[in-house]
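First comes the structure, then the notes that go with it.
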Amino acid sequence: MRVAIVGAGFSGIAMAIALRREGIEDFTVFERGADLGGVWHRNTYPGAACDVPSYLYSFSYDQRRDWTQPCSPQAEILGYLRDVAERHGVLDRVRTNTEVEQADFDERTATWTLVTVGGERLTADALVLACGQLSRPRWPSIPGMEEFAGHSFHSAEWDHGYDLAGKRVAVLGTGASAVQFVPPVAEQAAHVDVYQRTAPYVLPRRNPRYPEWARRLIGVVPGLQALRRLGLLLFMETFIAALTRFRPLGWLFRTWSTTFMRSQLRDPDVRRRAWPDYPFGCKRILFSSAYLPALQRPDVELVTDRIERITTAAVVTADGKPRPADCVIYGTGFRSHDFVMPMAVAGVGGRDLEAHWSGGAEAHLGITVAGFPNMFVLYGPNTNLGVGSIITMIEAQVGYAIDALRMARRTGSAVDVRPEVQRASGERVQERLRDSVWTSCRSWYRQDGDGRVVNNWPGHMFEYTRATRRVDPGEYREIRPRAVAGA
């Protein structure tokens with residue numbers, strides 16, 4: 001069996017390792033970037049780190065016990081993933097600087113044909129799309145952006161060659177990336193204007209380095225790492241319940257957040273502007289103990305007026321006030337609903353995946369899509385978590401995909417989820433999401449901001465792990481090569 005994996009982040013590397021364990025050696029991981037790592041290769045902005053402690057945000061089967069901090073910085077996470085790929089013998093299967101621009105299912109041979117940007121054509125029996133939800137930067141559409149004469153870049157494409165010292169910096173956006181890079185940028189720049197569209201709820205993230213004795217203890221005491229992983233997992237499952245099925249429990253977490261924010265926001269004017277006006281958890285909850293204090297620095301201004309336009313040397317808000325800027329940093333997030341685009345994917349009968357998902361992406365358990373045989377999406381629709389470790393979800397998806405490939409190998413066919421199964425699966429997910437907090441405001445979790453929730457899973461991590469434990473053959477149909485069927 002030949003398997004093509006598109007994307008070399010956590011999902012792609014996990015799939016490659018699982019294939020080797022299964023005894024499938026004919027696979028390649030295609031990565032458009034210059035190195036593996038996905039989001040952890042591309043996002044190198046100052047302060048880039050994980051919100052989830054690394055002892056949970058890591059593979060269950062390859063634990064590192066000497067993390068330097070609870071929430072590790074970007075370089076350490078990237079180094080961990082590279083080490084894992086090397087230990088498991090899949091590093092040499094990653095083809096970097098190779099972008100797949102097209103994938104078509106051939107019904108005659110029941111195989112996939114891939115075309116790279118360079119024009120190379122390859123054939124695979126199975127296609128694994130490990131592109132992630134946060135891989136393509138999202139740029140806003142603001143009049144005058146292209147006329148700006150200063151320096152500008154997106155936070156996911158940080159320009160480390162540009163010196164911020166002594167500069168007036170405009171930061172557009174106050175999402176998960178901005179709360180990490182604003183404090184170090186404020187330390188360097190002469191002045192920072194932070195343009196906020198929506199105020200985030202913030203929870204503390206104190207991230208001291210582990211003392212040497214603690215790292216040694218974790219390394220030598222049997223079961224200690226597993227115990228703290230379990231403890232954090234149970235805490236996060238409780239948090240998930242507060243956002244989904246036990247909404248009154250959310251009051252406790254909201255109180256935790258608002259109490260913390262009040263303790264940090266001493267300036268009443270900044271507090272007023274930085275205070276959220278929507279239900280707790282409806283948008284992504286952010287973790288930082290440095291962001292809110294940074295907003296109260298004398299050389300930082302939090303701007304809540306809508307941006308009207310950008311001129312050659314300033315950002316102009318709706319009140320007509322221009323604020324001079326030498327540099328504009330776009331912390332405006334990612335195109336989270338594209339999933340696999342701009343790659344063009346065509347299934348049975350030439351069905352176009354982008355058109356199929358035009359009303360919002362949907363997949364059975366977030367993994368398989370009707371009409372696209374032997375295609376598996378990792379970190380796909382409705383598999384994101386409002387709180388939790390996405391690595392837990394990825395491991396479950398990889399296990400499910402491997403089980404499906406076993407079935408395909410046994411039958412000598414391509415497996416295709418039945419349309420009615422996918423439809424019923426999607427309806428169950430949306431029905432459960434109606435009671436969640438994520439339907440109560442606009443956010444990137446929802447199609448077009450206010451449509452159905454297309455990114456988040458409606459329940460607990462353990463529920464998803466249980467649901468994906470094994471493939472139900474009755475939910476799939478076999479697509480056999482026509483030559484074989486004819487014979």
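We label chains A, B, ... in the order they appear in the structure tokens, count residues from 1 in each chain, and number ligands from 1 in the order shown.
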Identify, with DSSP run on backbone atoms, the residues in segment 357-469 of chain A assigned to strand (DSSP E), and express the list as a ChimeraX atom specification. /A:375-377,414-417
File of the preceding selection, N, CA and C atoms, as a PDB file, in the first residue's frame:
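again19.pdb, written as the output of this step:
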ATOM      1  N   MET A 375      -9.437   8.494   1.688  1.00  0.00           N
ATOM      2  CA  MET A 375      -8.921   9.813   2.051  1.00  0.00           C
ATOM      3  C   MET A 375      -9.248  10.060   3.516  1.00  0.00           C
ATOM      4  N   PHE A 376      -8.256  10.510   4.265  1.00  0.00           N
ATOM      5  CA  PHE A 376      -8.416  10.712   5.700  1.00  0.00           C
ATOM      6  C   PHE A 376      -7.923  12.107   6.067  1.00  0.00           C
ATOM      7  N   VAL A 377      -8.775  12.857   6.761  1.00  0.00           N
ATOM      8  CA  VAL A 377      -8.422  14.205   7.189  1.00  0.00           C
ATOM      9  C   VAL A 377      -8.047  14.152   8.668  1.00  0.00           C
ATOM     10  N   ALA A 414     -10.731   0.459  -1.990  1.00  0.00           N
ATOM     11  CA  ALA A 414     -10.704   1.746  -1.299  1.00  0.00           C
ATOM     12  C   ALA A 414     -11.994   1.851  -0.495  1.00  0.00           C
ATOM     13  N   VAL A 415     -11.914   2.348   0.720  1.00  0.00           N
ATOM     14  CA  VAL A 415     -13.102   2.428   1.566  1.00  0.00           C
ATOM     15  C   VAL A 415     -13.660   3.848   1.536  1.00  0.00           C
ATOM     16  N   ASP A 416     -14.975   3.931   1.424  1.00  0.00           N
ATOM     17  CA  ASP A 416     -15.654   5.211   1.272  1.00  0.00           C
ATOM     18  C   ASP A 416     -16.811   5.268   2.261  1.00  0.00           C
ATOM     19  N   VAL A 417     -16.811   6.253   3.152  1.00  0.00           N
ATOM     20  CA  VAL A 417     -17.882   6.354   4.135  1.00  0.00           C
ATOM     21  C   VAL A 417     -19.212   6.604   3.414  1.00  0.00           C
TER      22      VAL A 417
END
Close residues, segment 44-51 of chain A itself excluded, 6 Å, only C-alpha atoms, min 4 positions apart in chain, as a PyMOL selection string: chain A and resi 71-74+158+180-181
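One finds atom CA of Asn456 of chain A at 9.5 Å from atom CA of Gly380 of chain A.
Around Thr98 of chain A, within 8 Å and counting only C-alpha atoms, the residues found are Phe30, Glu31, Arg32, Gly33, Thr116, Val117 and Gly118 of chain A, once anything fewer than 6 positions away on its own chain is removed.
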Write the selection just made, keeping N, CA and C atoms, as a JSON list (two decimals), in the first residue's frame?
[["chain", "number", "residue", "atom", "x", "y", "z"],
["A", 30, "PHE", "N", 4.61, 14.94, 2.45],
["A", 30, "PHE", "CA", 4.89, 16.12, 1.64],
["A", 30, "PHE", "C", 4.68, 17.38, 2.48],
["A", 31, "GLU", "N", 5.69, 18.20, 2.56],
["A", 31, "GLU", "CA", 5.63, 19.41, 3.38],
["A", 31, "GLU", "C", 6.03, 20.62, 2.53],
["A", 32, "ARG", "N", 5.12, 21.59, 2.47],
["A", 32, "ARG", "CA", 5.40, 22.77, 1.63],
["A", 32, "ARG", "C", 6.46, 23.68, 2.23],
["A", 33, "GLY", "N", 6.67, 23.59, 3.55],
["A", 33, "GLY", "CA", 7.66, 24.43, 4.20],
["A", 33, "GLY", "C", 9.06, 23.87, 4.09],
["A", 116, "THR", "N", 2.29, 18.05, -7.78],
["A", 116, "THR", "CA", 2.95, 19.06, -6.95],
["A", 116, "THR", "C", 3.01, 20.38, -7.71],
["A", 117, "VAL", "N", 3.34, 21.44, -6.99],
["A", 117, "VAL", "CA", 3.48, 22.76, -7.61],
["A", 117, "VAL", "C", 4.55, 22.72, -8.70],
["A", 118, "GLY", "N", 5.56, 21.87, -8.53],
["A", 118, "GLY", "CA", 6.61, 21.75, -9.53],
["A", 118, "GLY", "C", 6.23, 20.91, -10.74]]
Length of the atom CA of Arg206 of chain A to atom CA of Pro53 of chain A vector [Å]: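 Straight-line distance from atom CA of Arg206 of chain A to atom CA of Pro53 of chain A works out to 11.1 Å.
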With distances taken over only C-alpha atoms, which residue among A:Gly388, A:Gly144, A:Pro183, A:Pro381 lies nearest Val171 of chain A?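 Closest residue, counting only C-alpha atoms: A:Pro183.
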Please return, as a PyMOL selection string, all residues of segment 323-442 of chain A that DSSP assigns to helix (DSSP H, G or I) on the basis of the backbone. chain A and resi 348-350+353-356+390-411+419-433+437-439
Write a file of the selected residues as a CSV table (one decimal), in the first residue's frame, keeping N, CA and C atoms.
chain,number,residue,atom,x,y,z
A,348,VAL,N,-14.8,10.9,-6.2
A,348,VAL,CA,-15.5,10.1,-7.1
A,348,VAL,C,-16.4,11.0,-8.1
A,349,GLY,N,-16.3,10.7,-9.4
A,349,GLY,CA,-17.0,11.5,-10.3
A,349,GLY,C,-16.5,12.9,-10.5
A,350,GLY,N,-15.3,13.2,-10.0
A,350,GLY,CA,-14.7,14.5,-10.1
A,350,GLY,C,-15.3,15.5,-9.1
A,353,LEU,N,-13.8,18.9,-3.6
A,353,LEU,CA,-14.0,19.0,-2.1
A,353,LEU,C,-14.3,20.4,-1.6
A,354,GLU,N,-13.7,21.4,-2.3
A,354,GLU,CA,-14.0,22.8,-1.9
A,354,GLU,C,-15.5,23.1,-2.1
A,355,ALA,N,-16.0,22.7,-3.3
A,355,ALA,CA,-17.4,23.0,-3.6
A,355,ALA,C,-18.3,22.2,-2.6
A,356,HIS,N,-17.9,20.9,-2.3
A,356,HIS,CA,-18.6,20.1,-1.4
A,356,HIS,C,-18.7,20.7,0.0
A,390,ILE,N,-4.8,19.0,21.6
A,390,ILE,CA,-5.2,18.5,20.3
A,390,ILE,C,-4.4,17.2,20.0
A,391,ILE,N,-3.3,17.0,20.7
A,391,ILE,CA,-2.5,15.7,20.4
A,391,ILE,C,-3.3,14.5,20.8
A,392,THR,N,-4.2,14.6,21.8
A,392,THR,CA,-5.0,13.5,22.2
A,392,THR,C,-6.0,13.2,21.0
A,393,MET,N,-6.5,14.2,20.4
A,393,MET,CA,-7.5,14.0,19.3
A,393,MET,C,-6.7,13.5,18.1
A,394,ILE,N,-5.5,14.0,17.8
A,394,ILE,CA,-4.8,13.5,16.7
A,394,ILE,C,-4.5,12.0,16.8
A,395,GLU,N,-4.0,11.6,18.0
A,395,GLU,CA,-3.7,10.1,18.2
A,395,GLU,C,-4.9,9.3,17.9
A,396,ALA,N,-6.1,9.8,18.3
A,396,ALA,CA,-7.3,9.0,18.1
A,396,ALA,C,-7.6,8.9,16.6
A,397,GLN,N,-7.5,10.0,15.9
A,397,GLN,CA,-7.8,10.1,14.4
A,397,GLN,C,-6.8,9.1,13.7
A,398,VAL,N,-5.5,9.2,14.1
A,398,VAL,CA,-4.5,8.3,13.4
A,398,VAL,C,-4.9,6.9,13.6
A,399,GLY,N,-5.3,6.5,14.8
A,399,GLY,CA,-5.7,5.1,15.1
A,399,GLY,C,-6.8,4.7,14.2
A,400,TYR,N,-7.8,5.6,14.0
A,400,TYR,CA,-9.0,5.3,13.2
A,400,TYR,C,-8.6,5.1,11.8
A,401,ALA,N,-7.7,6.0,11.3
A,401,ALA,CA,-7.3,5.9,9.9
A,401,ALA,C,-6.5,4.6,9.6
A,402,ILE,N,-5.7,4.2,10.6
A,402,ILE,CA,-5.0,2.9,10.4
A,402,ILE,C,-5.9,1.8,10.4
A,403,ASP,N,-7.0,1.8,11.2
A,403,ASP,CA,-7.9,0.7,11.2
A,403,ASP,C,-8.7,0.6,9.9
A,404,ALA,N,-9.0,1.8,9.3
A,404,ALA,CA,-9.6,1.8,8.0
A,404,ALA,C,-8.7,1.3,6.9
A,405,LEU,N,-7.4,1.6,7.0
A,405,LEU,CA,-6.5,1.1,6.0
A,405,LEU,C,-6.3,-0.4,6.1
A,406,ARG,N,-6.4,-1.0,7.3
A,406,ARG,CA,-6.4,-2.4,7.5
A,406,ARG,C,-7.6,-3.0,6.7
A,407,MET,N,-8.7,-2.4,6.8
A,407,MET,CA,-9.9,-2.9,6.1
A,407,MET,C,-9.7,-2.8,4.6
A,408,ALA,N,-9.1,-1.8,4.2
A,408,ALA,CA,-8.9,-1.6,2.7
A,408,ALA,C,-7.9,-2.6,2.2
A,409,ARG,N,-6.9,-2.9,3.0
A,409,ARG,CA,-5.9,-3.9,2.6
A,409,ARG,C,-6.5,-5.3,2.6
A,410,ARG,N,-7.4,-5.6,3.5
A,410,ARG,CA,-8.0,-7.0,3.6
A,410,ARG,C,-8.9,-7.2,2.4
A,411,THR,N,-9.6,-6.2,1.9
A,411,THR,CA,-10.5,-6.3,0.8
A,411,THR,C,-10.0,-6.0,-0.5
A,419,PRO,N,-22.7,8.1,2.5
A,419,PRO,CA,-23.3,9.5,2.6
A,419,PRO,C,-24.2,9.6,3.8
A,420,GLU,N,-25.1,8.6,4.0
A,420,GLU,CA,-26.1,8.7,5.1
A,420,GLU,C,-25.4,8.7,6.4
A,421,VAL,N,-24.3,7.9,6.5
A,421,VAL,CA,-23.5,7.9,7.8
A,421,VAL,C,-22.9,9.2,8.1
A,422,GLN,N,-22.3,9.8,7.1
A,422,GLN,CA,-21.7,11.1,7.3
A,422,GLN,C,-22.7,12.2,7.7
A,423,ARG,N,-23.9,12.1,7.0
A,423,ARG,CA,-24.9,13.1,7.2
A,423,ARG,C,-25.4,12.9,8.7
A,424,ALA,N,-25.7,11.7,9.1
A,424,ALA,CA,-26.2,11.5,10.5
A,424,ALA,C,-25.1,11.9,11.5
A,425,SER,N,-23.9,11.6,11.2
A,425,SER,CA,-22.8,12.0,12.1
A,425,SER,C,-22.7,13.5,12.3
A,426,GLY,N,-22.8,14.2,11.1
A,426,GLY,CA,-22.8,15.7,11.2
A,426,GLY,C,-24.0,16.2,11.9
A,427,GLU,N,-25.2,15.6,11.7
A,427,GLU,CA,-26.4,16.1,12.4
A,427,GLU,C,-26.2,15.9,13.9
A,428,ARG,N,-25.7,14.8,14.4
A,428,ARG,CA,-25.5,14.6,15.8
A,428,ARG,C,-24.5,15.6,16.4
A,429,VAL,N,-23.5,15.9,15.7
A,429,VAL,CA,-22.5,16.9,16.2
A,429,VAL,C,-23.1,18.2,16.3
A,430,GLN,N,-23.9,18.7,15.3
A,430,GLN,CA,-24.5,20.0,15.3
A,430,GLN,C,-25.6,20.1,16.4
A,431,GLU,N,-26.3,19.0,16.6
A,431,GLU,CA,-27.4,19.0,17.6
A,431,GLU,C,-26.7,19.2,19.0
A,432,ARG,N,-25.6,18.5,19.2
A,432,ARG,CA,-25.0,18.7,20.5
A,432,ARG,C,-24.4,20.1,20.7
A,433,LEU,N,-23.9,20.6,19.6
A,433,LEU,CA,-23.3,22.0,19.6
A,433,LEU,C,-24.3,23.1,19.9
A,437,VAL,N,-21.5,26.8,24.4
A,437,VAL,CA,-21.4,28.2,24.5
A,437,VAL,C,-20.9,28.8,23.1
A,438,TRP,N,-20.4,27.9,22.2
A,438,TRP,CA,-19.9,28.4,21.0
A,438,TRP,C,-20.9,28.9,20.0
A,439,THR,N,-22.2,28.7,20.2
A,439,THR,CA,-23.2,29.2,19.3
A,439,THR,C,-23.8,30.6,19.8
How close does segment 303-392 of chain A get to segment 458-477 of chain A? List, as a tab-separated table, each residue of segment 303-392 of chain A within 10 Å, its nearest atom pair and the distance in Å to one decimal, counting only C-alpha atoms.
residue	atom	partner	partner_atom	distance
A:His364	CA	A:Glu475	CA	9.8
A:Leu365	CA	A:Thr468	CA	7.4
A:Ile367	CA	A:Thr468	CA	9.5
A:Thr368	CA	A:Tyr476	CA	9.9
A:Ala370	CA	A:Tyr476	CA	9.0
A:Pro373	CA	A:Arg477	CA	9.0
A:Asn382	CA	A:Pro458	CA	7.7
A:Thr383	CA	A:Pro458	CA	8.6
A:Asn384	CA	A:Pro458	CA	9.2
A:Leu385	CA	A:Met461	CA	8.4
A:Gly386	CA	A:Pro458	CA	9.3
A:Val387	CA	A:His460	CA	9.6
A:Gly388	CA	A:Met461	CA	7.7
A:Ser389	CA	A:Met461	CA	8.5
A:Ile390	CA	A:Met461	CA	8.9
A:Thr392	CA	A:Met461	CA	7.1
Write the selection just made, keeping C-alpha atoms, as a PDB file, in the first residue's frame?
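Dumped everything to out.pdb:
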ATOM      1  CA  HIS A 364     -17.598  11.632   9.593  1.00  0.00           C
ATOM      2  CA  LEU A 365     -15.859  11.942  12.982  1.00  0.00           C
ATOM      3  CA  ILE A 367     -11.897  12.161   9.395  1.00  0.00           C
ATOM      4  CA  THR A 368     -13.643  10.674   6.327  1.00  0.00           C
ATOM      5  CA  ALA A 370     -18.316  10.580   1.475  1.00  0.00           C
ATOM      6  CA  PRO A 373     -12.401   6.974  -0.856  1.00  0.00           C
ATOM      7  CA  ASN A 382     -15.280  19.563  14.294  1.00  0.00           C
ATOM      8  CA  THR A 383     -12.177  18.089  15.926  1.00  0.00           C
ATOM      9  CA  ASN A 384     -10.748  21.264  17.475  1.00  0.00           C
ATOM     10  CA  LEU A 385     -10.998  21.771  21.233  1.00  0.00           C
ATOM     11  CA  GLY A 386     -12.052  24.888  23.118  1.00  0.00           C
ATOM     12  CA  VAL A 387      -9.865  23.551  25.933  1.00  0.00           C
ATOM     13  CA  GLY A 388      -7.616  20.500  25.874  1.00  0.00           C
ATOM     14  CA  SER A 389      -4.722  18.880  24.039  1.00  0.00           C
ATOM     15  CA  ILE A 390      -5.196  18.457  20.318  1.00  0.00           C
ATOM     16  CA  THR A 392      -5.043  13.492  22.187  1.00  0.00           C
TER      17      THR A 392
END
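If you measure from each of A:Gly37, A:Val453, A:Arg271, A:Ala241 to Glu76 of chain A using only C-alpha atoms, the closest one turns out to be A:Gly37.
Note that atom CA of Gly412 of chain A and atom CA of Met343 of chain A are 27.5 Å apart.
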Any chance you could tabulate, as CSV, the residues of segment 55-148 of chain A at most 8 Å from segment 305-325 of chain A with each one's nearest atom pair and distance in Å to one decimal, using only C-alpha atoms, in chain and rising number order?
residue,atom,partner,partner_atom,distance
A:Ile142,CA,A:Arg309,CA,5.8
A:Pro143,CA,A:Arg309,CA,4.9
A:Gly144,CA,A:Ile310,CA,4.7
A:Met145,CA,A:Ile310,CA,5.5
A:Glu147,CA,A:Thr312,CA,5.4
A:Phe148,CA,A:Thr312,CA,4.0
Closest contacts (segment 49-146 of chain A/segment 220-227 of chain A, max 10 Å, only C-alpha atoms) as JSON lines:
{"residue": "A:Tyr55", "atom": "CA", "partner": "A:Gln225", "partner_atom": "CA", "distance": 7.4}
{"residue": "A:Leu56", "atom": "CA", "partner": "A:Ala226", "partner_atom": "CA", "distance": 9.4}
{"residue": "A:Ser60", "atom": "CA", "partner": "A:Ala226", "partner_atom": "CA", "distance": 9.1}
{"residue": "A:Gln63", "atom": "CA", "partner": "A:Gln225", "partner_atom": "CA", "distance": 8.4}
{"residue": "A:Arg64", "atom": "CA", "partner": "A:Gln225", "partner_atom": "CA", "distance": 9.1}
{"residue": "A:Arg65", "atom": "CA", "partner": "A:Gln225", "partner_atom": "CA", "distance": 7.2}
Output C-alpha atoms for every residue in the selection just made, as a PDB file, in the first residue's frame.
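Output saved as result.pdb:
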ATOM      1  CA  TYR A  55       3.715  16.908  29.283  1.00  0.00           C
ATOM      2  CA  LEU A  56       0.186  16.674  27.839  1.00  0.00           C
ATOM      3  CA  SER A  60       1.491   9.568  24.754  1.00  0.00           C
ATOM      4  CA  GLN A  63       7.113  11.231  26.509  1.00  0.00           C
ATOM      5  CA  ARG A  64       9.824  13.769  27.258  1.00  0.00           C
ATOM      6  CA  ARG A  65      10.455  14.241  30.969  1.00  0.00           C
TER       7      ARG A  65
END
